[in-house]
file coords.tsv (TSV, C-alpha atoms)
chain	number	residue	atom	x	y	z
P	1	MET	CA	-32.01	-46.03	-42.63
P	2	THR	CA	-31.93	-45.47	-38.89
P	3	ASP	CA	-32.40	-41.88	-37.83
P	4	PRO	CA	-29.17	-41.08	-35.86
P	5	THR	CA	-31.00	-38.42	-33.86
P	6	LYS	CA	-33.29	-41.00	-32.27
P	7	PHE	CA	-32.33	-43.13	-29.29
P	8	PRO	CA	-32.63	-46.89	-29.92
P	9	PRO	CA	-35.71	-48.35	-28.20
P	10	GLU	CA	-33.60	-50.72	-26.09
P	11	LYS	CA	-32.38	-47.75	-24.09
P	12	ASN	CA	-35.78	-47.58	-22.40
P	13	LEU	CA	-35.23	-43.97	-21.51
P	14	PRO	CA	-37.72	-42.34	-19.14
P	15	ALA	CA	-40.05	-39.68	-20.41
P	16	GLY	CA	-38.05	-36.54	-21.07
P	17	TYR	CA	-38.45	-33.05	-19.71
P	18	VAL	CA	-40.43	-30.77	-21.99
P	19	PRO	CA	-39.17	-27.18	-21.66
P	20	PRO	CA	-41.82	-24.48	-21.28
P	21	LYS	CA	-42.05	-21.72	-23.86
P	22	VAL	CA	-40.41	-19.30	-21.39
P	23	TRP	CA	-38.07	-20.45	-18.62
P	24	LYS	CA	-38.83	-19.23	-15.11
P	25	TRP	CA	-36.63	-19.42	-12.03
P	26	GLU	CA	-38.19	-21.72	-9.44
P	27	GLN	CA	-36.57	-21.85	-6.02
P	28	PRO	CA	-35.12	-24.06	-4.71
P	29	ASN	CA	-33.82	-25.90	-7.77
P	30	GLY	CA	-32.00	-28.68	-5.91
P	31	GLY	CA	-28.36	-29.58	-5.65
P	32	GLU	CA	-25.60	-28.64	-3.25
P	33	PHE	CA	-25.26	-25.10	-4.57
P	34	ALA	CA	-28.97	-24.35	-4.98
P	35	SER	CA	-28.93	-21.67	-2.31
P	36	ILE	CA	-26.38	-19.53	-4.16
P	37	ASN	CA	-27.27	-20.16	-7.80
P	38	ARG	CA	-29.38	-17.43	-9.36
P	39	PRO	CA	-30.06	-16.08	-12.86
P	40	ILE	CA	-29.09	-12.48	-12.11
P	41	ALA	CA	-25.79	-10.75	-11.44
P	42	GLY	CA	-24.82	-8.01	-8.99
P	43	PRO	CA	-24.37	-7.86	-5.21
P	44	THR	CA	-26.84	-9.23	-2.71
P	45	HIS	CA	-25.44	-7.32	0.26
P	46	GLU	CA	-23.03	-4.58	1.22
P	47	LYS	CA	-19.63	-5.79	2.39
P	48	GLU	CA	-16.23	-4.26	1.78
P	49	LEU	CA	-13.25	-6.52	1.18
P	50	PRO	CA	-10.37	-6.59	3.67
P	51	VAL	CA	-6.97	-5.31	2.57
P	52	GLY	CA	-3.74	-6.61	4.05
P	53	LYS	CA	-0.16	-5.40	4.03
P	54	HIS	CA	0.98	-6.69	0.64
P	55	PRO	CA	0.37	-5.13	-2.79
P	56	LEU	CA	-1.27	-8.33	-4.07
P	57	GLN	CA	-4.61	-9.07	-2.42
P	58	LEU	CA	-6.23	-12.39	-3.32
P	59	TYR	CA	-9.87	-13.21	-2.55
P	60	SER	CA	-10.43	-16.88	-3.17
P	61	LEU	CA	-11.21	-20.44	-2.10
P	62	GLY	CA	-9.18	-23.63	-2.52
P	63	THR	CA	-11.09	-24.94	-5.52
P	64	PRO	CA	-9.14	-25.87	-8.68
P	65	ASN	CA	-9.53	-22.35	-10.06
P	66	GLY	CA	-8.35	-20.81	-6.83
P	67	VAL	CA	-5.42	-23.20	-6.47
P	68	LYS	CA	-4.07	-22.19	-9.88
P	69	VAL	CA	-3.34	-18.71	-8.57
P	70	THR	CA	-1.95	-19.67	-5.16
P	71	ILE	CA	0.42	-22.14	-6.85
P	72	MET	CA	1.58	-19.37	-9.17
P	73	LEU	CA	2.18	-16.97	-6.30
P	74	GLU	CA	4.09	-19.57	-4.28
P	75	GLU	CA	6.15	-20.50	-7.36
P	76	LEU	CA	7.02	-16.85	-7.91
P	77	LEU	CA	8.14	-16.49	-4.31
P	78	ALA	CA	10.17	-19.69	-4.53
P	79	ALA	CA	11.86	-18.29	-7.65
P	80	GLY	CA	12.92	-15.20	-5.70
P	81	HIS	CA	10.28	-12.70	-6.78
P	82	SER	CA	9.73	-10.99	-3.42
P	83	GLY	CA	7.21	-8.61	-4.98
P	84	ALA	CA	4.82	-11.55	-5.27
P	85	GLU	CA	4.16	-11.58	-1.52
P	86	TYR	CA	0.42	-11.64	-1.02
P	87	ASP	CA	-2.52	-11.73	1.35
P	88	ALA	CA	-5.02	-14.50	0.63
P	89	TRP	CA	-8.49	-13.93	2.06
P	90	LEU	CA	-11.05	-16.72	2.27
P	91	ILE	CA	-14.27	-16.33	0.28
P	92	ARG	CA	-16.83	-18.95	1.32
P	93	ILE	CA	-18.91	-19.37	-1.81
P	94	THR	CA	-21.48	-21.64	-0.15
P	95	LYS	CA	-22.30	-18.71	2.12
P	96	GLY	CA	-22.66	-16.32	-0.79
P	97	GLU	CA	-19.67	-14.15	0.15
P	98	GLN	CA	-18.85	-13.72	-3.55
P	99	PHE	CA	-21.99	-11.60	-3.83
P	100	GLY	CA	-20.79	-8.95	-1.40
P	101	SER	CA	-20.51	-5.47	-2.90
P	102	GLY	CA	-16.74	-5.34	-2.47
P	103	PHE	CA	-16.18	-8.65	-4.21
P	104	VAL	CA	-18.53	-7.78	-7.07
P	105	ALA	CA	-16.61	-4.55	-7.58
P	106	VAL	CA	-13.48	-6.63	-8.23
P	107	ASN	CA	-15.24	-9.39	-10.19
P	108	PRO	CA	-18.66	-8.50	-11.61
P	109	ASN	CA	-19.08	-12.19	-12.46
P	110	SER	CA	-19.00	-13.15	-8.73
P	111	LYS	CA	-16.62	-16.08	-9.15
P	112	ILE	CA	-13.39	-16.84	-7.33
P	113	PRO	CA	-10.54	-16.12	-7.64
P	114	ALA	CA	-10.37	-12.34	-7.74
P	115	MET	CA	-7.34	-10.16	-7.07
P	116	MET	CA	-6.28	-6.56	-6.64
P	117	ASP	CA	-2.78	-5.37	-7.51
P	118	HIS	CA	-2.15	-2.22	-5.47
P	119	ALA	CA	1.30	-1.74	-7.01
P	120	PRO	CA	0.97	-2.21	-10.76
P	121	LYS	CA	4.03	-1.77	-12.95
P	122	ASP	CA	2.76	1.48	-14.47
P	123	GLY	CA	2.60	3.10	-11.02
P	124	GLY	CA	-1.04	4.03	-11.49
P	125	ALA	CA	-4.24	3.17	-9.68
P	126	PRO	CA	-4.80	-0.39	-8.39
P	127	ILE	CA	-5.73	-2.93	-11.03
P	128	ARG	CA	-8.52	-5.44	-10.56
P	129	LEU	CA	-8.09	-8.99	-11.86
P	130	PHE	CA	-10.63	-11.72	-12.38
P	131	GLU	CA	-10.73	-15.05	-14.25
P	132	SER	CA	-7.93	-17.38	-13.20
P	133	GLY	CA	-6.33	-17.56	-16.64
P	134	SER	CA	-6.18	-13.78	-16.82
P	135	ILE	CA	-4.57	-13.63	-13.36
P	136	LEU	CA	-1.93	-16.20	-14.31
P	137	LEU	CA	-1.07	-14.34	-17.50
P	138	TYR	CA	-0.94	-10.99	-15.69
P	139	LEU	CA	1.40	-12.32	-13.00
P	140	ALA	CA	3.62	-14.05	-15.55
P	141	GLU	CA	4.01	-10.81	-17.47
P	142	LYS	CA	4.41	-8.66	-14.36
P	143	PHE	CA	7.28	-10.78	-13.03
P	144	GLY	CA	8.66	-12.13	-16.29
P	145	ALA	CA	8.35	-15.73	-15.15
P	146	PHE	CA	6.77	-19.04	-16.14
P	147	LEU	CA	5.89	-17.79	-19.63
P	148	PRO	CA	8.48	-18.33	-22.39
P	149	LYS	CA	9.66	-15.16	-24.08
P	150	ASP	CA	10.15	-16.66	-27.55
P	151	VAL	CA	7.08	-16.50	-29.75
P	152	ARG	CA	6.78	-20.26	-30.24
P	153	GLY	CA	7.10	-21.18	-26.58
P	154	ARG	CA	4.80	-18.35	-25.51
P	155	THR	CA	2.17	-19.33	-28.05
P	156	GLU	CA	2.26	-23.01	-27.07
P	157	THR	CA	1.90	-22.06	-23.41
P	158	LEU	CA	-1.10	-19.88	-24.16
P	159	ASN	CA	-2.60	-22.60	-26.38
P	160	TRP	CA	-2.72	-24.92	-23.38
P	161	LEU	CA	-3.73	-22.22	-20.91
P	162	PHE	CA	-6.79	-21.41	-22.99
P	163	TRP	CA	-7.41	-25.12	-23.65
P	164	GLN	CA	-7.83	-25.51	-19.92
P	165	MET	CA	-10.14	-22.53	-19.61
P	166	GLY	CA	-12.39	-23.93	-22.34
P	167	SER	CA	-12.22	-27.60	-21.37
P	168	ALA	CA	-12.50	-27.65	-17.57
P	169	PRO	CA	-16.17	-26.56	-17.45
P	170	PHE	CA	-17.03	-29.93	-19.02
P	171	LEU	CA	-15.09	-31.62	-16.22
P	172	GLY	CA	-16.32	-29.47	-13.33
P	173	GLY	CA	-19.72	-28.08	-14.24
P	174	GLY	CA	-20.47	-31.13	-16.37
P	175	PHE	CA	-19.03	-34.38	-15.03
P	176	GLY	CA	-18.31	-33.20	-11.49
P	177	HIS	CA	-21.75	-31.70	-11.03
P	178	PHE	CA	-23.76	-34.64	-12.30
P	179	PHE	CA	-21.49	-37.28	-10.76
P	180	SER	CA	-21.18	-35.72	-7.29
P	181	TYR	CA	-23.52	-32.79	-6.67
P	182	ALA	CA	-26.76	-33.18	-8.63
P	183	PRO	CA	-29.75	-34.13	-6.43
P	184	VAL	CA	-30.44	-37.16	-8.66
P	185	LYS	CA	-28.17	-39.40	-10.71
P	186	ILE	CA	-28.91	-39.03	-14.39
P	187	GLN	CA	-27.18	-41.70	-16.48
P	188	TYR	CA	-27.42	-39.75	-19.72
P	189	ALA	CA	-25.72	-36.70	-18.19
P	190	ILE	CA	-23.02	-38.71	-16.39
P	191	ASP	CA	-22.27	-40.78	-19.49
P	192	ARG	CA	-22.06	-37.71	-21.68
P	193	TYR	CA	-19.64	-35.82	-19.46
P	194	ALA	CA	-17.64	-38.89	-18.45
P	195	MET	CA	-17.02	-39.54	-22.13
P	196	GLU	CA	-15.87	-35.96	-22.68
P	197	THR	CA	-13.68	-35.97	-19.57
P	198	LYS	CA	-11.98	-39.18	-20.71
P	199	ARG	CA	-11.46	-37.68	-24.15
P	200	GLN	CA	-9.76	-34.68	-22.54
P	201	LEU	CA	-7.56	-36.96	-20.42
P	202	ASP	CA	-6.59	-38.74	-23.63
P	203	VAL	CA	-5.70	-35.41	-25.25
P	204	LEU	CA	-3.38	-34.71	-22.33
P	205	ASP	CA	-1.96	-38.22	-22.26
P	206	ARG	CA	-1.06	-38.20	-25.95
P	207	HIS	CA	0.56	-34.79	-25.64
P	208	LEU	CA	2.51	-35.61	-22.50
P	209	ALA	CA	3.86	-38.77	-24.11
P	210	ASP	CA	6.20	-36.48	-26.07
P	211	HIS	CA	6.56	-33.51	-23.71
P	212	GLU	CA	7.83	-33.22	-20.14
P	213	TYR	CA	5.51	-30.30	-19.43
P	214	MET	CA	2.53	-28.88	-21.26
P	215	ALA	CA	4.53	-26.35	-23.29
P	216	GLY	CA	7.56	-28.59	-23.77
P	217	SER	CA	10.61	-28.86	-21.54
P	218	GLU	CA	9.74	-25.76	-19.49
P	219	TYR	CA	7.34	-25.64	-16.54
P	220	SER	CA	4.86	-22.83	-17.12
P	221	ILE	CA	1.53	-21.26	-16.27
P	222	ALA	CA	-0.08	-23.87	-18.54
P	223	ASP	CA	0.93	-26.60	-16.08
P	224	MET	CA	-0.26	-24.49	-13.14
P	225	ALA	CA	-3.65	-24.03	-14.81
P	226	ILE	CA	-4.18	-27.65	-15.83
P	227	TRP	CA	-2.81	-29.51	-12.80
P	228	PRO	CA	-5.43	-28.45	-10.19
P	229	TRP	CA	-8.18	-29.78	-12.45
P	230	TYR	CA	-6.74	-32.79	-14.27
P	231	GLY	CA	-3.78	-33.59	-12.04
P	232	ARG	CA	-5.93	-33.81	-8.94
P	233	LEU	CA	-8.44	-35.92	-10.86
P	234	ALA	CA	-5.62	-38.27	-11.91
P	235	LEU	CA	-4.59	-38.54	-8.25
P	236	ASN	CA	-8.21	-39.40	-7.34
P	237	GLU	CA	-8.49	-36.24	-5.25
P	238	SER	CA	-11.48	-34.77	-7.11
P	239	TYR	CA	-15.06	-35.97	-6.72
P	240	GLU	CA	-15.23	-39.06	-4.49
P	241	ASP	CA	-14.74	-42.32	-6.43
P	242	ALA	CA	-14.32	-40.43	-9.72
P	243	GLY	CA	-10.79	-41.73	-10.26
P	244	PRO	CA	-11.73	-45.42	-10.43
P	245	PHE	CA	-14.92	-44.58	-12.32
P	246	LEU	CA	-12.89	-42.85	-15.06
P	247	SER	CA	-10.00	-45.36	-14.90
P	248	VAL	CA	-7.53	-42.51	-14.43
P	249	ASN	CA	-4.62	-44.90	-13.84
P	250	GLU	CA	-4.78	-45.85	-17.53
P	251	TYR	CA	-3.37	-42.46	-18.52
P	252	GLU	CA	0.28	-43.24	-17.77
P	253	HIS	CA	1.77	-40.03	-19.14
P	254	VAL	CA	-0.73	-37.89	-17.25
P	255	GLN	CA	0.18	-39.87	-14.13
P	256	ARG	CA	3.89	-39.19	-14.62
P	257	TRP	CA	3.31	-35.45	-15.15
P	258	THR	CA	0.82	-35.24	-12.29
P	259	LYS	CA	3.14	-36.83	-9.74
P	260	GLN	CA	6.11	-34.77	-10.92
P	261	ILE	CA	4.26	-31.52	-10.35
P	262	ALA	CA	2.68	-32.66	-7.08
P	263	GLU	CA	6.18	-33.02	-5.60
P	264	ARG	CA	7.04	-29.35	-6.10
P	265	SER	CA	7.23	-27.53	-2.76
P	266	ALA	CA	5.45	-24.45	-4.09
P	267	VAL	CA	2.61	-26.62	-5.42
P	268	LYS	CA	2.21	-28.26	-2.01
P	269	ARG	CA	2.01	-24.84	-0.35
P	270	GLY	CA	-0.28	-23.35	-2.98
P	271	ALA	CA	-2.69	-26.27	-2.61
P	272	MET	CA	-3.04	-25.49	1.11
P	273	VAL	CA	-4.05	-21.84	0.78
P	274	ASN	CA	-7.78	-21.08	1.23
P	275	ARG	CA	-8.46	-24.80	1.56
P	276	THR	CA	-11.38	-25.66	3.84
P	277	SER	CA	-11.69	-29.45	3.56
P	278	GLY	CA	-9.61	-32.56	4.10
P	279	ASP	CA	-6.64	-32.96	6.42
P	280	PRO	CA	-6.62	-29.98	8.85
P	281	SER	CA	-2.82	-29.84	8.66
P	282	LYS	CA	-3.18	-29.09	4.92
P	283	GLN	CA	-5.72	-26.29	5.42
P	284	LEU	CA	-4.50	-22.70	5.59
P	285	HIS	CA	-7.70	-20.69	5.49
P	286	GLU	CA	-5.92	-17.36	5.09
P	287	ARG	CA	-2.33	-16.62	4.16
P	288	HIS	CA	-0.63	-13.34	5.06
P	289	ASP	CA	2.97	-14.42	5.64
P	290	ALA	CA	5.17	-17.36	4.67
P	291	SER	CA	5.33	-18.38	8.34
P	292	ASP	CA	1.58	-19.02	8.30
P	293	PHE	CA	2.22	-22.45	6.76
P	294	GLU	CA	3.95	-23.47	9.98
P	295	THR	CA	1.81	-21.69	12.54
P	296	LYS	CA	-1.72	-21.16	11.26
P	297	THR	CA	-2.95	-24.37	9.64
P	298	GLN	CA	-6.25	-25.65	10.99
P	299	ASP	CA	-4.70	-28.49	13.01
P	300	LYS	CA	-2.98	-25.84	15.17
P	301	PHE	CA	-6.34	-24.30	16.02
P	302	ALA	CA	-7.90	-27.69	16.70
P	303	ARG	CA	-5.26	-28.31	19.40
P	304	SER	CA	-5.54	-24.89	21.02
call {"tool": "encode", "arguments": {"input": "coords.tsv", "output": "structure tokens"}}
result
Amino acid sequence: MTDPTKFPPEKNLPAGYVPPKVWKWEQPNGGEFASINRPIAGPTHEKELPVGKHPLQLYSLGTPNGVKVTIMLEELLAAGHSGAEYDAWLIRITKGEQFGSGFVAVNPNSKIPAMMDHAPKDGGAPIRLFESGSILLYLAEKFGAFLPKDVRGRTETLNWLFWQMGSAPFLGGGFGHFFSYAPVKIQYAIDRYAMETKRQLDVLDRHLADHEYMAGSEYSIADMAIWPWYGRLALNESYEDAGPFLSVNEYEHVQRWTKQIAERSAVKRGAMVNRTSGDPSKQLHERHDASDFETKTQDKFARS
């Protein structure tokens, strides 16, 4: 009987890496983010965070995890929740700004997004928030929006919110890293994570065949969490050439859901905040007022 743990000889795999008895950090380790990756936590330098005029202070970047929160904030404002006005400050992770002492005090894990609520509902001291799923849940509960109140709807929404939190690392840190950012192309790694990413897209496609939104007929924080990762991938806006490589057009129900959400005005605005790449007219590096979308996008500065 063939040993299933062994690769068939026709694979002709190169000699594998043999791990040492004890791993040691060797700099640089290659890849686009080599200069900021390190095996220890804590700040690398002293730097306080700025604080604007609104109670909600967001420190972020327009990556999928950051976009989740800016979409939520813009959706809250569009729904009439004026208390959701916010200042969004740009954190350039490739420059290591997430390791400043002020940022680490808000998020000891040094990942965007991070937020401070200076006017919590209990009237007490400011509350720090980190992890995008936690921020979405906190805002939904604070404003009573985009999270069903009945136990079944709430539970289904949270099922999919936490599905995203557990699944997206295979898409981003797995497929995205090895397909786009790794210093060498490794077929085994790309095949492994492409297979898992397609499986996840199939999970979504099967579910959305019978549901308008992730939690049913109601748009929720589950959609806001999943769309920046999987919706953008389905639109071929994540990782150059990844869409055709993964045949994203085959997932017809994901495509329907993706395009439906992409047309929401608040989603369009949220996707612009803290964005630093692409069309300059779609980049709003910092957001402190609703008028900034008209007056402070990067194309305005390019013409000045």
call {"tool": "residues_around", "arguments": {"input": "coords.tsv", "residues": "Gly52 (chain P)", "least_positions_apart": "6", "cutoff": "9 Å", "atoms": "only C-alpha atoms", "output": "list in words"}}
result
Tyr86, Asp87, Ala88, Trp89 and His288 of chain P
call {"tool": "residues_around", "arguments": {"input": "coords.tsv", "residues": "Arg38 (chain P)", "least_positions_apart": "6", "cutoff": "12 Å", "atoms": "only C-alpha atoms", "output": "VMD selection string"}}
result
chain P and resid 24 to 29 44 96 99 109 to 110
call {"tool": "atom_distance", "arguments": {"input": "coords.tsv", "atom1": "CA of Gln298 (chain P)", "atom2": "CA of Lys282 (chain P)"}}
result
7.6 Å
call {"tool": "atom_distance", "arguments": {"input": "coords.tsv", "atom1": "CA of Thr94 (chain P)", "atom2": "CA of Asp191 (chain P)"}}
result
27.2 Å
call {"tool": "atom_distance", "arguments": {"input": "coords.tsv", "atom1": "CA of Phe293 (chain P)", "atom2": "CA of Arg269 (chain P)"}}
result
7.5 Å
call {"tool": "closest_residue", "arguments": {"input": "coords.tsv", "among": "P:Leu61, P:Leu136, P:Met224, P:Ala78", "to": "Lys111 (chain P)", "atoms": "all atoms listed in the file"}}
result
P:Leu61
call {"tool": "closest_residue", "arguments": {"input": "coords.tsv", "among": "P:Ala145, P:Ile221, P:Ala140, P:Leu246", "to": "Phe175 (chain P)", "atoms": "only C-alpha atoms"}}
result
P:Leu246
call {"tool": "axis_aligned_box", "arguments": {"input": "coords.tsv", "around": "region 214-225 of chain P", "padding_each_side": "6 Å", "output": "AutoDock Vina command-line options"}}
result
--center_x 3.5 --center_y -25.1 --center_z -18.5 --size_x 26.3 --size_y 19.6 --size_z 22.6
call {"tool": "residues_around", "arguments": {"input": "coords.tsv", "residues": "Trp160 (chain P)", "least_positions_apart": "6", "cutoff": "12 Å", "atoms": "only C-alpha atoms", "output": "PyMOL selection string"}}
result
chain P and resi 133+147+153-154+166-168+203-204+207-208+213-216+220-227
call {"tool": "residues_around", "arguments": {"input": "coords.tsv", "residues": "Ser180 (chain P)", "least_positions_apart": "3", "cutoff": "9 Å", "atoms": "all atoms listed in the file", "output": "PyMOL selection string"}}
result
chain P and resi 175-177+183+185+239-240+242
call {"tool": "residues_around", "arguments": {"input": "coords.tsv", "residues": "Pro64 (chain P)", "least_positions_apart": "6", "cutoff": "12 Å", "atoms": "all atoms listed in the file", "output": "PyMOL selection string"}}
result
chain P and resi 70-71+112-113+132-133+164-165+168-169+171-172+224-233+237-239+270-275
call {"tool": "write_last_selection", "arguments": {"input": "coords.tsv", "atoms": "C-alpha atoms", "output": "tab-separated table (two decimals), keeping the file's coordinate frame"}}
result
chain	number	residue	atom	x	y	z
P	70	THR	CA	-1.95	-19.67	-5.16
P	71	ILE	CA	0.42	-22.14	-6.85
P	112	ILE	CA	-13.39	-16.84	-7.33
P	113	PRO	CA	-10.54	-16.12	-7.64
P	132	SER	CA	-7.93	-17.38	-13.20
P	133	GLY	CA	-6.33	-17.56	-16.64
P	164	GLN	CA	-7.83	-25.51	-19.92
P	165	MET	CA	-10.14	-22.53	-19.61
P	168	ALA	CA	-12.50	-27.65	-17.57
P	169	PRO	CA	-16.17	-26.56	-17.45
P	171	LEU	CA	-15.09	-31.62	-16.22
P	172	GLY	CA	-16.32	-29.47	-13.33
P	224	MET	CA	-0.26	-24.49	-13.14
P	225	ALA	CA	-3.65	-24.03	-14.81
P	226	ILE	CA	-4.18	-27.65	-15.83
P	227	TRP	CA	-2.81	-29.51	-12.80
P	228	PRO	CA	-5.43	-28.45	-10.19
P	229	TRP	CA	-8.18	-29.78	-12.45
P	230	TYR	CA	-6.74	-32.79	-14.27
P	231	GLY	CA	-3.78	-33.59	-12.04
P	232	ARG	CA	-5.93	-33.81	-8.94
P	233	LEU	CA	-8.44	-35.92	-10.86
P	237	GLU	CA	-8.49	-36.24	-5.25
P	238	SER	CA	-11.48	-34.77	-7.11
P	239	TYR	CA	-15.06	-35.97	-6.72
P	270	GLY	CA	-0.28	-23.35	-2.98
P	271	ALA	CA	-2.69	-26.27	-2.61
P	272	MET	CA	-3.04	-25.49	1.11
P	273	VAL	CA	-4.05	-21.84	0.78
P	274	ASN	CA	-7.78	-21.08	1.23
P	275	ARG	CA	-8.46	-24.80	1.56
call {"tool": "closest_residue", "arguments": {"input": "coords.tsv", "among": "P:Lys142, P:Gln283, P:Arg152, P:Val106", "to": "Ile127 (chain P)", "atoms": "all atoms listed in the file"}}
result
P:Val106
call {"tool": "build_atoms", "arguments": {"input": "coords.tsv", "residues": "region 224-231 of chain P", "atoms": "all heavy atoms", "output": "tab-separated table (two decimals), in the frame of the given file"}}
result
chain	number	residue	atom	x	y	z
P	224	MET	N	0.40	-24.97	-14.35
P	224	MET	CA	-0.26	-24.49	-13.14
P	224	MET	C	-1.77	-24.41	-13.32
P	224	MET	O	-2.54	-24.59	-12.37
P	224	MET	CB	0.30	-23.12	-12.75
P	224	MET	CG	1.77	-23.13	-12.43
P	224	MET	SD	2.34	-21.45	-12.05
P	224	MET	CE	4.08	-21.60	-12.45
P	225	ALA	N	-2.21	-24.12	-14.53
P	225	ALA	CA	-3.65	-24.03	-14.81
P	225	ALA	C	-4.29	-25.41	-14.91
P	225	ALA	O	-5.40	-25.63	-14.41
P	225	ALA	CB	-3.88	-23.25	-16.10
P	226	ILE	N	-3.60	-26.34	-15.54
P	226	ILE	CA	-4.18	-27.65	-15.83
P	226	ILE	C	-4.10	-28.59	-14.63
P	226	ILE	O	-5.03	-29.37	-14.38
P	226	ILE	CB	-3.50	-28.26	-17.07
P	226	ILE	CG1	-3.83	-27.41	-18.31
P	226	ILE	CG2	-3.93	-29.70	-17.29
P	226	ILE	CD1	-3.02	-27.75	-19.53
P	227	TRP	N	-3.01	-28.53	-13.88
P	227	TRP	CA	-2.81	-29.51	-12.80
P	227	TRP	C	-3.92	-29.52	-11.75
P	227	TRP	O	-4.38	-30.61	-11.36
P	227	TRP	CB	-1.45	-29.28	-12.13
P	227	TRP	CG	-1.14	-30.32	-11.10
P	227	TRP	CD1	-0.59	-31.55	-11.31
P	227	TRP	CD2	-1.42	-30.24	-9.70
P	227	TRP	NE1	-0.49	-32.24	-10.13
P	227	TRP	CE2	-1.00	-31.46	-9.11
P	227	TRP	CE3	-1.99	-29.27	-8.87
P	227	TRP	CZ2	-1.11	-31.73	-7.76
P	227	TRP	CZ3	-2.10	-29.53	-7.52
P	227	TRP	CH2	-1.68	-30.74	-6.97
P	228	PRO	N	-4.40	-28.37	-11.24
P	228	PRO	CA	-5.43	-28.45	-10.19
P	228	PRO	C	-6.71	-29.16	-10.65
P	228	PRO	O	-7.42	-29.74	-9.82
P	228	PRO	CB	-5.70	-26.98	-9.84
P	228	PRO	CG	-4.42	-26.28	-10.20
P	228	PRO	CD	-3.95	-26.97	-11.44
P	229	TRP	N	-7.00	-29.09	-11.93
P	229	TRP	CA	-8.18	-29.78	-12.45
P	229	TRP	C	-7.87	-31.23	-12.80
P	229	TRP	O	-8.45	-32.17	-12.24
P	229	TRP	CB	-8.71	-29.06	-13.69
P	229	TRP	CG	-9.50	-27.83	-13.39
P	229	TRP	CD1	-9.10	-26.53	-13.50
P	229	TRP	CD2	-10.86	-27.79	-12.91
P	229	TRP	NE1	-10.11	-25.68	-13.13
P	229	TRP	CE2	-11.19	-26.42	-12.76
P	229	TRP	CE3	-11.81	-28.76	-12.61
P	229	TRP	CZ2	-12.45	-26.01	-12.31
P	229	TRP	CZ3	-13.06	-28.36	-12.15
P	229	TRP	CH2	-13.38	-26.99	-12.01
P	230	TYR	N	-6.97	-31.45	-13.72
P	230	TYR	CA	-6.74	-32.79	-14.27
P	230	TYR	C	-5.71	-33.57	-13.47
P	230	TYR	O	-5.81	-34.80	-13.39
P	230	TYR	CB	-6.35	-32.67	-15.74
P	230	TYR	CG	-7.44	-32.06	-16.56
P	230	TYR	CD1	-7.52	-30.69	-16.75
P	230	TYR	CD2	-8.45	-32.86	-17.12
P	230	TYR	CE1	-8.56	-30.11	-17.47
P	230	TYR	CE2	-9.49	-32.29	-17.84
P	230	TYR	CZ	-9.55	-30.92	-18.01
P	230	TYR	OH	-10.58	-30.36	-18.71
P	231	GLY	N	-4.74	-32.90	-12.88
P	231	GLY	CA	-3.78	-33.59	-12.04
P	231	GLY	C	-4.43	-34.15	-10.80
P	231	GLY	O	-4.22	-35.31	-10.42
